[in-house]
Every structure is written in C-alpha cells, then in structure tokens.
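The next block is entry-v4.cif, given as mmCIF, C-alpha atoms.
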```cif
data_my_file
loop_
_atom_site.group_PDB
_atom_site.id
_atom_site.type_symbol
_atom_site.label_atom_id
_atom_site.label_comp_id
_atom_site.auth_asym_id
_atom_site.auth_seq_id
_atom_site.Cartn_x
_atom_site.Cartn_y
_atom_site.Cartn_z
ATOM 1 C CA MET N 1 6.346 -14.078 31.065
ATOM 2 C CA GLU N 2 3.316 -12.083 29.975
ATOM 3 C CA PRO N 3 3.071 -12.023 26.157
ATOM 4 C CA ARG N 4 2.990 -8.835 24.124
ATOM 5 C CA CYS N 5 -0.124 -8.916 21.939
ATOM 6 C CA TYR N 6 -1.005 -7.431 18.552
ATOM 7 C CA GLY N 7 -4.619 -7.591 17.367
ATOM 8 C CA SER N 8 -6.257 -7.054 13.976
ATOM 9 C CA ARG N 9 -8.487 -4.067 13.357
ATOM 10 C CA GLY N 10 -11.975 -4.359 11.974
ATOM 11 C CA GLY N 11 -12.279 -8.042 12.800
ATOM 12 C CA ARG N 12 -10.606 -9.245 9.582
ATOM 13 C CA GLY N 13 -8.337 -12.247 9.732
ATOM 14 C CA TYR N 14 -4.791 -12.698 8.398
ATOM 15 C CA ASP N 15 -3.085 -15.672 6.774
ATOM 16 C CA ARG N 16 0.588 -15.091 7.496
ATOM 17 C CA VAL N 17 2.856 -13.208 9.859
ATOM 18 C CA GLU N 18 6.535 -12.352 9.985
ATOM 19 C CA VAL N 19 7.974 -11.195 13.313
ATOM 20 C CA ALA N 20 11.398 -9.526 13.226
ATOM 21 C CA PHE N 21 13.810 -9.658 16.162
ATOM 22 C CA LEU N 22 17.331 -8.529 16.970
ATOM 23 C CA LYS N 23 19.880 -11.042 18.177
ATOM 24 C CA GLU N 24 22.501 -10.106 20.752
ATOM 25 C CA PRO N 25 25.068 -11.915 22.909
ATOM 26 C CA GLY N 26 23.141 -13.634 25.659
ATOM 27 C CA GLY N 27 19.813 -12.953 23.956
ATOM 28 C CA GLY N 28 16.802 -14.884 25.122
ATOM 29 C CA LYS N 29 14.344 -17.272 23.543
ATOM 30 C CA ALA N 30 10.870 -16.286 22.411
ATOM 31 C CA GLU N 31 7.786 -17.889 20.969
ATOM 32 C CA VAL N 32 4.997 -16.538 18.798
ATOM 33 C CA LEU N 33 1.402 -17.421 19.594
ATOM 34 C CA ILE N 34 -1.320 -17.195 16.942
ATOM 35 C CA ASP N 35 -4.784 -16.773 18.465
ATOM 36 C CA GLY N 36 -3.332 -18.117 21.714
ATOM 37 C CA THR N 37 -1.678 -21.195 20.192
ATOM 38 C CA PRO N 38 2.152 -21.481 20.348
ATOM 39 C CA THR N 39 3.161 -21.715 16.685
ATOM 40 C CA GLY N 40 6.916 -21.089 16.484
ATOM 41 C CA SER N 41 9.951 -20.224 18.593
ATOM 42 C CA ILE N 42 13.349 -18.586 18.075
ATOM 43 C CA ASP N 43 16.732 -18.347 19.838
ATOM 44 C CA LEU N 44 18.081 -14.774 19.917
ATOM 45 C CA ASP N 45 21.560 -15.499 21.263
ATOM 46 C CA GLY N 46 23.988 -14.266 18.597
ATOM 47 C CA THR N 47 25.985 -11.377 17.188
ATOM 48 C CA ALA N 48 24.994 -7.887 18.337
ATOM 49 C CA ASP N 49 22.346 -6.251 16.123
ATOM 50 C CA GLU N 50 21.998 -9.376 13.967
ATOM 51 C CA ARG N 51 18.539 -9.520 12.414
ATOM 52 C CA ALA N 52 16.356 -12.610 12.769
ATOM 53 C CA THR N 53 12.832 -13.310 11.547
ATOM 54 C CA LEU N 54 10.176 -15.884 12.247
ATOM 55 C CA GLU N 55 7.692 -16.478 9.408
ATOM 56 C CA LEU N 56 4.491 -18.323 10.243
ATOM 57 C CA ARG N 57 1.140 -19.101 8.667
ATOM 58 C CA ALA N 58 -2.269 -19.516 10.275
ATOM 59 C CA PRO N 59 -2.772 -22.990 11.771
ATOM 60 C CA ALA N 60 -5.016 -25.192 9.633
ATOM 61 C CA THR N 61 -8.500 -24.982 11.170
ATOM 62 C CA GLY N 62 -10.723 -25.917 8.254
ATOM 63 C CA THR N 63 -12.115 -22.383 8.033
ATOM 64 C CA PRO N 64 -10.914 -19.530 5.803
ATOM 65 C CA VAL N 65 -11.163 -16.763 8.428
ATOM 66 C CA GLY N 66 -7.447 -16.679 9.298
ATOM 67 C CA PHE N 67 -6.090 -15.426 12.621
ATOM 68 C CA ARG N 68 -6.807 -12.188 14.473
ATOM 69 C CA GLU N 69 -4.268 -12.001 17.282
ATOM 70 C CA ILE N 70 -0.505 -12.429 17.477
ATOM 71 C CA ALA N 71 1.452 -12.541 20.707
ATOM 72 C CA VAL N 72 5.184 -12.701 21.400
ATOM 73 C CA ARG N 73 6.240 -14.278 24.687
ATOM 74 C CA ALA N 74 9.737 -14.468 26.169
ATOM 75 C CA LEU N 75 10.604 -18.007 27.262
ATOM 76 C CA THR N 76 13.594 -16.975 29.396
ATOM 77 C CA ASP N 77 14.671 -13.999 31.497
ATOM 78 C CA ALA N 78 17.259 -12.950 28.873
ATOM 79 C CA PRO N 79 16.535 -9.932 26.585
ATOM 80 C CA VAL N 80 14.046 -10.262 23.716
ATOM 81 C CA THR N 81 13.852 -7.350 21.238
ATOM 82 C CA VAL N 82 11.012 -7.215 18.702
ATOM 83 C CA THR N 83 11.663 -4.771 15.845
ATOM 84 C CA GLY N 84 8.603 -5.324 13.675
ATOM 85 C CA VAL N 85 5.492 -7.339 12.905
ATOM 86 C CA ASP N 86 4.299 -7.809 9.302
ATOM 87 C CA VAL N 87 0.957 -9.486 8.604
ATOM 88 C CA GLY N 88 -0.783 -10.262 5.344
ATOM 89 C CA ARG N 89 -3.675 -12.104 3.746
ATOM 90 C CA GLU N 90 -3.967 -13.921 0.443
ATOM 91 C CA GLY N 91 -5.742 -12.247 -2.451
ATOM 92 C CA ASP N 92 -5.564 -9.215 -4.698
ATOM 93 C CA GLY N 93 -4.830 -5.801 -3.266
ATOM 94 C CA VAL N 94 -2.059 -3.575 -1.942
ATOM 95 C CA SER N 95 0.473 -4.641 0.656
ATOM 96 C CA TYR N 96 1.327 -1.609 2.785
ATOM 97 C CA LEU N 97 4.129 -1.500 5.349
ATOM 98 C CA SER N 98 4.272 1.542 7.633
ATOM 99 C CA LEU N 99 7.372 2.408 9.647
ATOM 100 C CA GLY N 100 7.365 5.396 11.979
ATOM 101 C CA PHE N 101 9.063 6.651 15.128
ATOM 102 C CA PRO N 102 7.815 9.341 17.547
ATOM 103 C CA GLY N 103 9.920 12.468 17.137
ATOM 104 C CA ALA N 104 11.661 11.111 14.033
ATOM 105 C CA THR N 105 13.707 13.252 11.673
ATOM 106 C CA VAL N 106 15.225 12.266 8.349
ATOM 107 C CA GLN N 107 18.402 11.382 10.260
ATOM 108 C CA CYS N 108 16.668 8.268 11.581
ATOM 109 C CA LEU N 109 17.290 6.686 8.158
ATOM 110 C CA GLN N 110 21.016 7.152 8.690
ATOM 111 C CA ARG N 111 20.837 5.515 12.117
ATOM 112 C CA LEU N 112 19.335 2.286 10.787
ATOM 113 C CA THR N 113 21.769 -0.611 10.525
ATOM 114 C CA THR N 114 22.802 -0.584 6.859
ATOM 115 C CA GLU N 115 22.859 -4.366 6.471
ATOM 116 C CA ASN N 116 19.420 -4.813 8.046
ATOM 117 C CA LEU N 117 17.892 -2.023 5.952
ATOM 118 C CA ALA N 118 19.379 -3.472 2.763
ATOM 119 C CA ASP N 119 18.069 -6.922 3.646
ATOM 120 C CA ASP N 120 14.578 -5.576 4.389
ATOM 121 C CA LEU N 121 14.373 -3.713 1.093
ATOM 122 C CA ARG N 122 15.699 -6.704 -0.848
ATOM 123 C CA ARG N 123 13.102 -9.048 0.659
ATOM 124 C CA MET N 124 10.185 -6.618 0.328
ATOM 125 C CA ALA N 125 11.166 -5.398 -3.159
ATOM 126 C CA PRO N 126 8.788 -2.401 -2.812
ATOM 127 C CA ASP N 127 6.991 -1.032 -5.860
ATOM 128 C CA TYR N 128 6.786 2.413 -4.247
ATOM 129 C CA VAL N 129 8.493 4.183 -1.337
ATOM 130 C CA VAL N 130 6.653 7.014 0.425
ATOM 131 C CA LEU N 131 8.581 9.268 2.822
ATOM 132 C CA ALA N 132 7.229 11.879 5.210
ATOM 133 C CA PHE N 133 9.630 13.897 7.371
ATOM 134 C CA GLY N 134 10.027 17.524 8.312
ATOM 135 C CA THR N 135 7.657 18.634 11.055
ATOM 136 C CA ASN N 136 10.088 17.848 13.867
ATOM 137 C CA GLU N 137 12.923 19.591 12.027
ATOM 138 C CA GLY N 138 10.703 22.579 11.214
ATOM 139 C CA PHE N 139 9.870 23.125 14.892
ATOM 140 C CA ASP N 140 13.597 23.411 15.673
ATOM 141 C CA ASP N 141 14.374 27.156 15.606
ATOM 142 C CA GLY N 142 18.101 26.380 15.585
ATOM 143 C CA LEU N 143 17.932 24.210 12.459
ATOM 144 C CA ASP N 144 20.699 24.865 9.920
ATOM 145 C CA LEU N 145 18.812 24.639 6.617
ATOM 146 C CA ASP N 146 21.989 24.199 4.554
ATOM 147 C CA ARG N 147 23.026 21.215 6.661
ATOM 148 C CA TYR N 148 19.475 19.880 6.580
ATOM 149 C CA THR N 149 19.523 20.094 2.775
ATOM 150 C CA GLN N 150 22.628 17.887 2.662
ATOM 151 C CA ARG N 151 21.217 15.370 5.139
ATOM 152 C CA PHE N 152 17.859 15.097 3.413
ATOM 153 C CA ARG N 153 19.371 14.632 -0.046
ATOM 154 C CA SER N 154 21.917 12.087 1.201
ATOM 155 C CA ALA N 155 19.462 10.017 3.256
ATOM 156 C CA ILE N 156 16.854 9.688 0.510
ATOM 157 C CA ALA N 157 19.460 9.018 -2.183
ATOM 158 C CA GLU N 158 20.880 6.168 -0.101
ATOM 159 C CA LEU N 159 17.415 4.696 0.289
ATOM 160 C CA GLN N 160 16.911 4.881 -3.477
ATOM 161 C CA ARG N 161 20.259 3.197 -4.016
ATOM 162 C CA ARG N 162 19.064 0.303 -1.858
ATOM 163 C CA ALA N 163 15.738 0.041 -3.731
ATOM 164 C CA PRO N 164 16.528 1.260 -7.263
ATOM 165 C CA GLN N 165 13.384 -0.320 -8.720
ATOM 166 C CA ALA N 166 11.034 1.744 -6.550
ATOM 167 C CA PRO N 167 9.881 5.293 -7.382
ATOM 168 C CA ILE N 168 10.074 7.646 -4.398
ATOM 169 C CA LEU N 169 7.282 9.951 -3.261
ATOM 170 C CA VAL N 170 8.232 12.728 -0.849
ATOM 171 C CA ILE N 171 5.306 13.921 1.266
ATOM 172 C CA GLY N 172 5.884 17.621 1.904
ATOM 173 C CA THR N 173 5.692 18.978 5.429
ATOM 174 C CA PRO N 174 2.123 19.873 6.498
ATOM 175 C CA ASP N 175 0.939 23.025 8.196
ATOM 176 C CA GLY N 176 1.758 23.299 11.899
ATOM 177 C CA ASN N 177 1.352 26.015 14.513
ATOM 178 C CA ARG N 178 2.551 26.832 17.996
ATOM 179 C CA VAL N 179 1.801 29.478 20.589
ATOM 180 C CA ALA N 180 3.740 30.951 23.507
ATOM 181 C CA ARG N 181 3.354 29.169 26.829
ATOM 182 C CA GLY N 182 0.965 30.705 29.309
ATOM 183 C CA CYS N 183 -1.213 32.253 26.608
ATOM 184 C CA ALA N 184 -4.914 31.935 26.097
ATOM 185 C CA PRO N 185 -4.285 31.349 22.390
ATOM 186 C CA ALA N 186 -6.115 33.352 19.754
ATOM 187 C CA ARG N 187 -6.998 31.955 16.346
ATOM 188 C CA CYS N 188 -4.255 31.757 13.728
ATOM 189 C CA GLY N 189 -4.074 34.932 11.654
ATOM 190 C CA SER N 190 -5.387 37.202 14.393
ATOM 191 C CA ASP N 191 -3.412 40.153 15.763
ATOM 192 C CA ALA N 192 -2.744 38.855 19.265
ATOM 193 C CA GLY N 193 1.055 38.983 19.236
ATOM 194 C CA GLU N 194 2.791 35.935 20.672
ATOM 195 C CA CYS N 195 -0.564 34.534 21.808
ATOM 196 C CA THR N 196 -1.569 33.900 18.186
ATOM 197 C CA TRP N 197 -1.143 30.417 16.708
ATOM 198 C CA THR N 198 1.709 30.852 14.195
ATOM 199 C CA GLU N 199 3.890 28.645 12.025
ATOM 200 C CA PRO N 200 7.456 28.097 13.338
ATOM 201 C CA PRO N 201 9.966 30.137 11.296
ATOM 202 C CA LYS N 202 11.902 27.113 9.948
ATOM 203 C CA LEU N 203 8.918 25.025 8.844
ATOM 204 C CA ALA N 204 8.405 26.756 5.493
ATOM 205 C CA GLY N 205 12.146 26.494 4.814
ATOM 206 C CA VAL N 206 12.077 22.741 5.415
ATOM 207 C CA ARG N 207 9.124 22.461 3.056
ATOM 208 C CA ASP N 208 10.972 24.413 0.354
ATOM 209 C CA VAL N 209 14.086 22.227 0.741
ATOM 210 C CA GLN N 210 12.049 19.057 0.296
ATOM 211 C CA ARG N 211 10.256 20.370 -2.775
ATOM 212 C CA ARG N 212 13.493 21.538 -4.409
ATOM 213 C CA ILE N 213 15.428 18.334 -3.740
ATOM 214 C CA ALA N 214 12.558 16.135 -4.952
ATOM 215 C CA GLY N 215 12.414 18.153 -8.173
ATOM 216 C CA ASP N 216 16.176 18.033 -8.716
ATOM 217 C CA ALA N 217 16.332 14.265 -8.113
ATOM 218 C CA GLY N 218 13.256 13.384 -10.151
ATOM 219 C CA TRP N 219 11.323 12.153 -7.117
ATOM 220 C CA ALA N 220 7.586 12.715 -6.916
ATOM 221 C CA TYR N 221 6.425 15.377 -4.463
ATOM 222 C CA TRP N 222 3.010 15.781 -2.827
ATOM 223 C CA ASP N 223 2.230 19.144 -1.255
ATOM 224 C CA TRP N 224 0.548 18.193 2.023
ATOM 225 C CA PHE N 225 0.535 21.862 3.096
ATOM 226 C CA ALA N 226 -1.469 22.898 0.033
ATOM 227 C CA ALA N 227 -3.785 19.886 0.329
ATOM 228 C CA MET N 228 -4.680 21.006 3.867
ATOM 229 C CA GLY N 229 -5.483 24.518 2.653
ATOM 230 C CA GLY N 230 -2.235 26.404 3.246
ATOM 231 C CA SER N 231 -1.468 28.799 6.104
ATOM 232 C CA CYS N 232 -3.606 28.460 9.244
ATOM 233 C CA SER N 233 -5.283 25.334 7.822
ATOM 234 C CA ILE N 234 -4.412 23.251 10.872
ATOM 235 C CA ASP N 235 -6.047 25.877 13.075
ATOM 236 C CA ARG N 236 -9.202 25.649 10.996
ATOM 237 C CA MET N 237 -9.072 21.866 11.164
ATOM 238 C CA ALA N 238 -8.673 21.956 14.959
ATOM 239 C CA GLY N 239 -11.741 24.196 15.183
ATOM 240 C CA ALA N 240 -13.898 22.034 12.919
ATOM 241 C CA ASP N 241 -16.806 19.976 14.230
ATOM 242 C CA PRO N 242 -15.886 17.190 14.447
ATOM 243 C CA ALA N 243 -12.258 18.209 14.950
ATOM 244 C CA LEU N 244 -9.859 17.235 12.156
ATOM 245 C CA ALA N 245 -6.714 18.262 14.073
ATOM 246 C CA THR N 246 -5.729 17.929 17.723
ATOM 247 C CA PRO N 247 -5.455 20.918 20.086
ATOM 248 C CA ASP N 248 -1.636 20.915 19.816
ATOM 249 C CA HIS N 249 -1.957 22.181 16.202
ATOM 250 C CA VAL N 250 0.655 19.608 15.103
ATOM 251 C CA HIS N 251 -1.165 16.299 14.753
ATOM 252 C CA LEU N 252 -4.406 15.462 13.008
ATOM 253 C CA THR N 253 -7.253 13.398 14.383
ATOM 254 C CA LYS N 254 -8.123 10.013 12.886
ATOM 255 C CA ALA N 255 -10.786 11.695 10.749
ATOM 256 C CA GLY N 256 -8.295 14.342 9.623
ATOM 257 C CA TYR N 257 -5.684 11.799 8.591
ATOM 258 C CA GLU N 258 -8.277 9.706 6.789
ATOM 259 C CA GLY N 259 -9.516 12.721 4.838
ATOM 260 C CA LEU N 260 -6.005 13.728 3.739
ATOM 261 C CA ALA N 261 -5.205 10.092 2.897
ATOM 262 C CA ASP N 262 -8.223 10.054 0.581
ATOM 263 C CA THR N 263 -6.958 13.261 -1.038
ATOM 264 C CA LEU N 264 -3.494 11.757 -1.537
ATOM 265 C CA PHE N 265 -4.975 8.607 -3.047
ATOM 266 C CA GLY N 266 -7.103 10.643 -5.415
ATOM 267 C CA ASP N 267 -4.106 12.712 -6.515
ATOM 268 C CA LEU N 268 -2.041 9.574 -7.095
ATOM 269 C CA MET N 269 -4.766 7.941 -9.180
ATOM 270 C CA ASN N 270 -5.280 11.122 -11.217
ATOM 271 C CA ALA N 271 -1.544 11.272 -11.918
ATOM 272 C CA TYR N 272 -1.598 7.600 -12.893
ATOM 273 C CA SER N 273 -4.510 8.202 -15.277
ATOM 274 C CA ASP N 274 -2.635 11.113 -16.865
ATOM 275 C CA TRP N 275 0.465 8.936 -17.263
ATOM 276 C CA LYS N 276 -1.551 6.180 -18.952
ATOM 277 C CA ALA N 277 -3.162 8.689 -21.286
ATOM 278 C CA ARG N 278 0.227 10.069 -22.346
ATOM 279 C CA GLY N 279 1.727 6.599 -22.733
ATOM 280 C CA PRO N 280 4.581 5.000 -20.735
ATOM 281 C CA ALA N 281 7.241 6.397 -23.105
ATOM 282 C CA SER N 282 6.432 9.949 -21.983
#
```

Could you render the structure from this file as structure tokens?
Amino acid sequence: MEPRCYGSRGGRGYDRVEVAFLKEPGGGKAEVLIDGTPTGSIDLDGTADERATLELRAPATGTPVGFREIAVRALTDAPVTVTGVDVGREGDGVSYLSLGFPGATVQCLQRLTTENLADDLRRMAPDYVVLAFGTNEGFDDGLDLDRYTQRFRSAIAELQRRAPQAPILVIGTPDGNRVARGCAPARCGSDAGECTWTEPPKLAGVRDVQRRIAGDAGWAYWDWFAAMGGSCSIDRMAGADPALATPDHVHLTKAGYEGLADTLFGDLMNAYSDWKARGPAS
C-alpha cells in the first residue's frame, strides 16, 4: 500500500521518532520507513483502543545529519490507525509537542481515552502544559455559559491531576468576528448593521470564564485578545499588508501566528525574569 509520509521543515534532520498507533481486533500490520528505508514494524491486532508505539532511531550512516522523512506503510489490508508522530534531535533546547483537532472544544479532553492520556503524560513528564480552547465554543450562540464553566474547570483539573508536576498556562480566547451571509461586509466598528464584522455574543463570556477559572485555580493566564489589540483587532490584522489574519476573521495567517507567538514568548520570559528577581520562595 502507498505509505503516508511526514517530512521535516526547514531541511533539518532528526535523530529519533516515536509513532503511536491504536490496536483493535483484527488490526493490521504496519512498518515505518526512515528516509525510504524500512526500519521497524508492528502488529496492531489486539484489544480495542489499546495504545501501541514504535520507537526508532536514525539508521547509522556515518554522518550526523539525521533523517528528514518518515513514512508509515500498511503491510496488510486490515485497518492501521496512526494517532501521532513525535520526532526529536539530540542537543540542548526545548521539546515541544503540539496536539490539535479541527473544530475542537474543551470537551475533546474528556473524550480522550483516560488510560492512554495518563500513559502519554507519564512518559512525556511535561514541564509545562499550554491549553488553548474557546473560539469554537464562543461562536456557538446557544452555548450555556454555566455549563461551559463546569466543563472547562473539570477538564483542566483532570489534566492537572494527571500531570501534577506541570504548571498550566491557559491561553485566553482571541478576537474573532463574523458577518451575516450575503453581505458585502463593512469594516468592524462601522455602522453597517448586520453587514458589519462583529464579535459573536458568547465569545467575550467564554473569555471571562477562562480568565476567572484560571485565577481561581492558580493557573497562569495569557490574554491573547489583549495581545492582538482588543476589539476589532482581527479585522485590522486581516486588512494589514501583508495580511496577518485570514478573510474569515477567525484564523490568523502564518505571519500572524508567528508574531503572536513571539509576543507570548516575550511575555513568558519577562514573567520568568520577574520570578527570578523576586526569588523562588515568592
């Protein structure tokens, strides 16, 4: 069967890879290829939703460049489910694992298999957990904010229980706009009625819930909305040259995300410097 490929960005090589699968009754067999060379295989016939991983290192080639492409190929016609790919390279630096789902809400944490999540967090032993939810909930006009408050608090608390050593940073919901269908939309803040880009009515409420719960629980909170520039900021970013937000007024462009990531990093390092100046006991 045709392999599913994953390639490195920027041309940098990696030294190790871990590919995660799900076993199931009648599951198939798969192999992992590193730069086109079959390097390991796995049998996925087992208990439903049982987690299985294949950990591999770059084949010895006599050069320190590492590998640049990973491929997973099914060896049979039976099902093969890949749930994640984690790559790394030797040396100093930060190991960053990103997990995201299109359309996700905080409830996705409660849908994860508890045993698999606990095992992942135990193996990774994260030094920091960063969570960003809320835009999808905030665009739901029927959202019950009281129920959302309970779900958000419960989901994040359970994650902290599974990784008690890791501080939690809640990324507050960013600015987002929408406009009525069929409109030739006017700029945010103008007086064009329903044809003006406006923030959904529940989005600010979601943002307030997140800020309040983070404060009550002692979790760190970063105000993405304020970092963007507050109300109508996504409209201004969409109109920038080059554009920093996409025309849907929900997502940012690559340049927009990179700029806000730099802002977040700067805020984190400033907070760290303040903490060092006060002394760990404070």

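Note that the spacing between atom CA of N:Met237 and atom CA of N:Thr253 amounts to 9.2 Å.
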
Exercise. So which residues get picked by the PyMOL selection byres ((chain N and resi 205-217) around 12) here, written as a ChimeraX atom specification?
Worked result: /N:105-106,131-141,143-157,160,167-176,199-204,218-226

For this session: Name all residues at most 7 Å from N:Glu31 (count all atoms listed in the file; drop same-chain ones fewer than 3 positions away) and give them as a list in words.
Result: Pro38, Gly40, Ser41, Ile42, Val72, Arg73, Ala74 and Leu75 of chain N

Exercise. Hey, can you check how far atom CA of N:Asp120 sits from atom CA of N:Ser95?
Worked result: 14.6 Å

Return the padded bounding box of stretch 82-100 of chain N as lines of an AutoDock Vina configuration file: axis-aligned, built from all atoms listed in the file, 4 Å added on each side, with centre and edge lengths in Å to one decimal.
```
center_x = 3.0
center_y = -4.3
center_z = 7.0
size_x = 25.4
size_y = 27.3
size_z = 31.4
```

For this session: Pick out the closest residue to N:Val17 from this set: N:Thr37, N:Thr53, N:Asn177, N:Thr263. Count all atoms listed in the file.
Result: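 Result for the nearest residue to N:Val17: N:Thr53.
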
For this session: Calculate how many Å separate atom CA of N:Tyr14 from atom CA of N:Gly66, rounding to one decimal.
Result: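 According to the coordinates, atom CA of N:Tyr14 and atom CA of N:Gly66 are separated by 4.9 Å.
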
For this session: For each of N:Thr76, N:Thr83, N:Ser190, N:Thr47, take the minimum atom-to-atom distance to N:Glu18, counting all atoms listed in the file, then give the residue where this is smallest.
Result: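 Ranking N:Thr76, N:Thr83, N:Ser190, N:Thr47 by distance to N:Glu18, first place goes to N:Thr83.
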
For this session: Go through N:Asp86, N:Trp197, N:Ser273, N:Gly142 and flag the residue nearest N:Cys183, using all atoms listed in the file for the distances.
Result: N:Trp197

Exercise. Expanded to explicit residues, what is the PyMOL selection byres ((chain N and resi 30) around 12) for this file, as a PyMOL selection string?
Worked result: chain N and resi 1-4+19-23+27-29+31-33+38-45+52-54+71-82

For this session: Measuring atom to atom with only C-alpha atoms, identify which of N:Arg123, N:Ala243, N:Asp248, N:Gly93 is nearest to N:Val179.
Result: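 The closest residue to N:Val179 is N:Asp248.
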
For stretch 137-154 of chain N, supply N, CA and C atoms and report the output as a tab-separated table (two decimals), in the coordinates of the input.
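Generated output (out_2.tsv):
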```
chain	number	residue	atom	x	y	z
N	137	GLU	N	11.83	18.68	12.38
N	137	GLU	CA	12.92	19.59	12.03
N	137	GLU	C	12.42	21.03	11.96
N	138	GLY	N	11.23	21.23	11.39
N	138	GLY	CA	10.70	22.58	11.21
N	138	GLY	C	10.36	23.28	12.51
N	139	PHE	N	10.15	22.53	13.59
N	139	PHE	CA	9.87	23.12	14.89
N	139	PHE	C	11.15	23.41	15.67
N	140	ASP	N	12.30	23.14	15.06
N	140	ASP	CA	13.60	23.41	15.67
N	140	ASP	C	14.10	24.77	15.18
N	141	ASP	N	13.99	25.81	16.02
N	141	ASP	CA	14.37	27.16	15.61
N	141	ASP	C	15.86	27.27	15.31
N	142	GLY	N	16.66	26.34	15.83
N	142	GLY	CA	18.10	26.38	15.58
N	142	GLY	C	18.54	25.56	14.39
N	143	LEU	N	17.59	25.07	13.59
N	143	LEU	CA	17.93	24.21	12.46
N	143	LEU	C	18.77	24.96	11.43
N	144	ASP	N	19.87	24.34	11.00
N	144	ASP	CA	20.70	24.86	9.92
N	144	ASP	C	20.14	24.30	8.61
N	145	LEU	N	19.48	25.13	7.82
N	145	LEU	CA	18.81	24.64	6.62
N	145	LEU	C	19.79	24.13	5.57
N	146	ASP	N	21.00	24.70	5.50
N	146	ASP	CA	21.99	24.20	4.55
N	146	ASP	C	22.41	22.78	4.93
N	147	ARG	N	22.65	22.56	6.21
N	147	ARG	CA	23.03	21.22	6.66
N	147	ARG	C	21.85	20.25	6.49
N	148	TYR	N	20.64	20.73	6.77
N	148	TYR	CA	19.48	19.88	6.58
N	148	TYR	C	19.33	19.48	5.12
N	149	THR	N	19.60	20.40	4.20
N	149	THR	CA	19.52	20.09	2.78
N	149	THR	C	20.44	18.93	2.43
N	150	GLN	N	21.66	18.95	2.94
N	150	GLN	CA	22.63	17.89	2.66
N	150	GLN	C	22.15	16.56	3.24
N	151	ARG	N	21.65	16.60	4.49
N	151	ARG	CA	21.22	15.37	5.14
N	151	ARG	C	20.01	14.76	4.44
N	152	PHE	N	19.07	15.61	4.06
N	152	PHE	CA	17.86	15.10	3.41
N	152	PHE	C	18.20	14.46	2.07
N	153	ARG	N	18.99	15.16	1.27
N	153	ARG	CA	19.37	14.63	-0.05
N	153	ARG	C	20.14	13.32	0.10
N	154	SER	N	21.09	13.27	1.03
N	154	SER	CA	21.92	12.09	1.20
N	154	SER	C	21.11	10.89	1.70
```
